[in-house]
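Okay, structure first, notes after.
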Amino acid sequence: MNTLQIDDGKHWGAPRMAWFEEIIEAPQQIRPGVQMPAPLTLQPGETHTAKFAFSPPTGGEPGRLPMYSGKVLIKGDNGESLGVPYLGVAADLAKELPGVFDTPNYERFSSGVDDIPVQKKANWTFDYSLEAQDFPEIYMRLRFATRELRIDVFEEHWTEDRWEYPPVVGQAGYVGAITSYAEPVLRGHFDPAKMNASETISTPLRSLARDISGRTGHTFWWLGQMANGSHIATGRYHLRVAALKPWSDPRNATSWDTWTDVPTIEVLPRGA
C-alpha cells in the first residue's frame, strides 16, 4: 500500500502521509523476494537459528513510500504451526521523503503583537511586556517523525559547510541552542505578571512523532535564553531550524531538513 499522498492537485494538504481511506482505496500488489532456509529437523528441547533473507520488492512507486507486509509460516509435522510477521518499506526514506517539515502549509516564524513574519522583521529586544511581545514565536508541524529537532544560533556568516555534529559552543561558529518558554501557546501572549520567563525547555528535542491531522504541531517562544543558561548577546546571527531525516547520519549537513527562508537575525539592546 502507498503510504505517502503525493501532490497531485486532488488531495488536501499533499504531500503528506496518506489517510486510511486513501490507502485502502488503491491497494498495491508487490512482493518482496524471500530466500528460505533449508528444511531442518529439531529434536525435543533443541534450538536452531533459521535465516530468512528478504530483498526489496519491485514494481512499486518509491516516491509514494509503498509499504509491504506478510507472514512466514513455519509448520511442523506434528500439526503445529508458527507465524512470524514481517513488514517493510520499498523505498529509501532519506531519499524519497519530501521533507520532514510540513511546509509551506505549517511553517511560521513571527514576533510582536502584530505577528510580523521574520522576513519583514528579524530583530528583537526581548521585551516581554504585553505592549511589545518583542520575541520570536516559531511554529512547525512534522510531516514525518524525526530523531532530533534543533534550533541553533551561529555566527552571522555561518554556512552549512561548517556544520559539525554534535555542535560545540565556541567551535565552528556555533553560539548555542535556544530555549523556549515551557508552556507556549500558538498566537498567544506571554504575560510577565503571570508567567515566569525562567521556566524553559531546551532544544534540541529528540524522538518526535509526526503531527497527524487534527493535532497541533510544535510552538516555541524564544525569550532570549540559551540552553547553556546564558542570555543571547546583542548582535547579528544566523539561526538554523533543522530536523534530522530518517536513517540519516547527523554529522552530514545534508541529512537535515532545514528552513531556508530565515534571514539574518539581530538581537537589539533593551529599549532600542
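For the C-alpha cells, the naming scheme is as follows: chains receive sequential letters (A, B, ...) according to their order of presentation, residues are indexed from 1 within each chain, and ligands are indexed from 1 in presentation order.
Excluding A:Asp161 itself and any same-chain residue fewer than 6 positions from it, the protein and nucleic acid residues within 12 Å of it, counting only C-alpha atoms, are Ala172, Gly173, Arg251, Asn252, Ala253 and Thr254 of chain A.
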Residue set, stretch 36-213 of chain A restricted to strand (DSSP E), as number ranges by chain: A: 53-55, 67-75, 81-89, 107-111, 116-117, 123-124, 136-140, 146-155, 174-177, 179-181, 200-202, 205-208
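Proximity of A:Ser129, A:Met17, A:Pro184, A:Gln28 to A:Gln5, computed with only C-alpha atoms, is greatest for A:Met17.
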Non-local contacts of A:Val185 (10 Å; only C-alpha atoms; under 3 positions in same chain excluded) as a PyMOL selection string: chain A and resi 137+139+181-182+188-190+218-221
Store the residues of this selection in a file with N, CA and C atoms, as a compact mmCIF listing (two decimals), in the first residue's frame.
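Saved result, part_23.txt, follows:
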# COMPACT_ATOMS: atom_id res chain seq x y z
N GLU A 137 8.30 33.84 17.88
CA GLU A 137 7.49 32.63 18.03
C GLU A 137 7.74 31.78 16.80
N TYR A 139 6.78 28.14 14.93
CA TYR A 139 5.79 27.05 14.91
C TYR A 139 6.03 26.17 13.69
N TYR A 181 10.00 29.06 26.22
CA TYR A 181 9.11 29.06 27.38
C TYR A 181 8.41 27.71 27.42
N ALA A 182 8.26 27.16 28.60
CA ALA A 182 7.82 25.77 28.75
C ALA A 182 6.38 25.52 28.30
N GLY A 188 -0.43 33.04 21.06
CA GLY A 188 -0.79 33.52 22.39
C GLY A 188 0.08 34.69 22.81
N HIS A 189 0.07 35.01 24.10
CA HIS A 189 0.84 36.14 24.62
C HIS A 189 1.54 35.72 25.89
N PHE A 190 2.76 36.20 26.05
CA PHE A 190 3.50 35.99 27.29
C PHE A 190 3.15 37.12 28.24
N HIS A 218 4.34 22.02 16.90
CA HIS A 218 5.28 22.42 17.94
C HIS A 218 5.46 23.93 17.92
N THR A 219 5.24 24.56 19.07
CA THR A 219 5.38 26.01 19.21
C THR A 219 6.53 26.32 20.16
N PHE A 220 7.36 27.29 19.77
CA PHE A 220 8.48 27.73 20.59
C PHE A 220 8.39 29.24 20.79
N TRP A 221 8.51 29.67 22.04
CA TRP A 221 8.67 31.09 22.35
C TRP A 221 10.10 31.27 22.84
Residue contacts of A:Ser255 (6 Å, only C-alpha atoms) excluding same-chain residues fewer than 5 positions away, as a ChimeraX atom specification: /A:245,248,250
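Residues of stretch 8-79 of chain A carrying a DSSP assignment of helix (DSSP H, G or I), computed from the backbone, are Phe20, Glu21, Glu22, Ile23, Ile24, Pro62, Gly63 and Arg64 of chain A.
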All residues 9 Å or closer to A:Thr103, only C-alpha atoms, same chain fewer than 4 positions away omitted, as a list in words: Gly99, Glu107, Met140, Arg141, Leu142 and Arg143 of chain A
Restricting the output to N, CA and C atoms, write the selected residues as an mmCIF file, in the first residue's frame.
data_model
loop_
_atom_site.group_PDB
_atom_site.id
_atom_site.type_symbol
_atom_site.label_atom_id
_atom_site.label_comp_id
_atom_site.auth_asym_id
_atom_site.auth_seq_id
_atom_site.Cartn_x
_atom_site.Cartn_y
_atom_site.Cartn_z
ATOM 1 N N GLY A 99 10.758 15.980 2.611
ATOM 2 C CA GLY A 99 10.985 16.876 3.737
ATOM 3 C C GLY A 99 10.298 16.419 5.007
ATOM 4 N N GLU A 107 4.358 26.453 8.628
ATOM 5 C CA GLU A 107 5.692 26.929 8.988
ATOM 6 C C GLU A 107 5.574 28.413 9.298
ATOM 7 N N MET A 140 5.946 24.871 13.901
ATOM 8 C CA MET A 140 6.054 23.938 12.778
ATOM 9 C C MET A 140 5.263 22.670 13.066
ATOM 10 N N ARG A 141 4.923 21.982 11.990
ATOM 11 C CA ARG A 141 4.362 20.639 12.075
ATOM 12 C C ARG A 141 5.325 19.695 11.377
ATOM 13 N N LEU A 142 5.391 18.474 11.872
ATOM 14 C CA LEU A 142 6.276 17.474 11.299
ATOM 15 C C LEU A 142 5.478 16.529 10.418
ATOM 16 N N ARG A 143 5.851 16.474 9.155
ATOM 17 C CA ARG A 143 5.215 15.546 8.227
ATOM 18 C C ARG A 143 5.639 14.114 8.519
#
Residues near A:Gln225, cut-off 7 Å, only C-alpha atoms, skip fewer than 5 positions along chain, as an NGL selection string: :A and (178-179 or 230-232)
Go ahead and save the residues from that selection, with N, CA and C atoms, as a PDB file, in the first residue's frame.
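Okay, this is what ended up in again-v3.pdb:
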ATOM      1  N   ILE A 178      18.800  27.309  21.356  1.00  0.00           N
ATOM      2  CA  ILE A 178      17.856  28.174  22.051  1.00  0.00           C
ATOM      3  C   ILE A 178      17.031  27.372  23.059  1.00  0.00           C
ATOM      4  N   THR A 179      16.335  28.097  23.902  1.00  0.00           N
ATOM      5  CA  THR A 179      15.327  27.505  24.772  1.00  0.00           C
ATOM      6  C   THR A 179      13.965  28.063  24.375  1.00  0.00           C
ATOM      7  N   SER A 230      22.903  30.967  29.516  1.00  0.00           N
ATOM      8  CA  SER A 230      23.217  32.365  29.242  1.00  0.00           C
ATOM      9  C   SER A 230      22.064  33.032  28.504  1.00  0.00           C
ATOM     10  N   HIS A 231      22.172  34.352  28.356  1.00  0.00           N
ATOM     11  CA  HIS A 231      21.209  35.109  27.557  1.00  0.00           C
ATOM     12  C   HIS A 231      21.931  35.559  26.297  1.00  0.00           C
ATOM     13  N   ILE A 232      21.259  35.460  25.155  1.00  0.00           N
ATOM     14  CA  ILE A 232      21.882  35.817  23.889  1.00  0.00           C
ATOM     15  C   ILE A 232      22.374  37.266  23.932  1.00  0.00           C
TER      16      ILE A 232
END
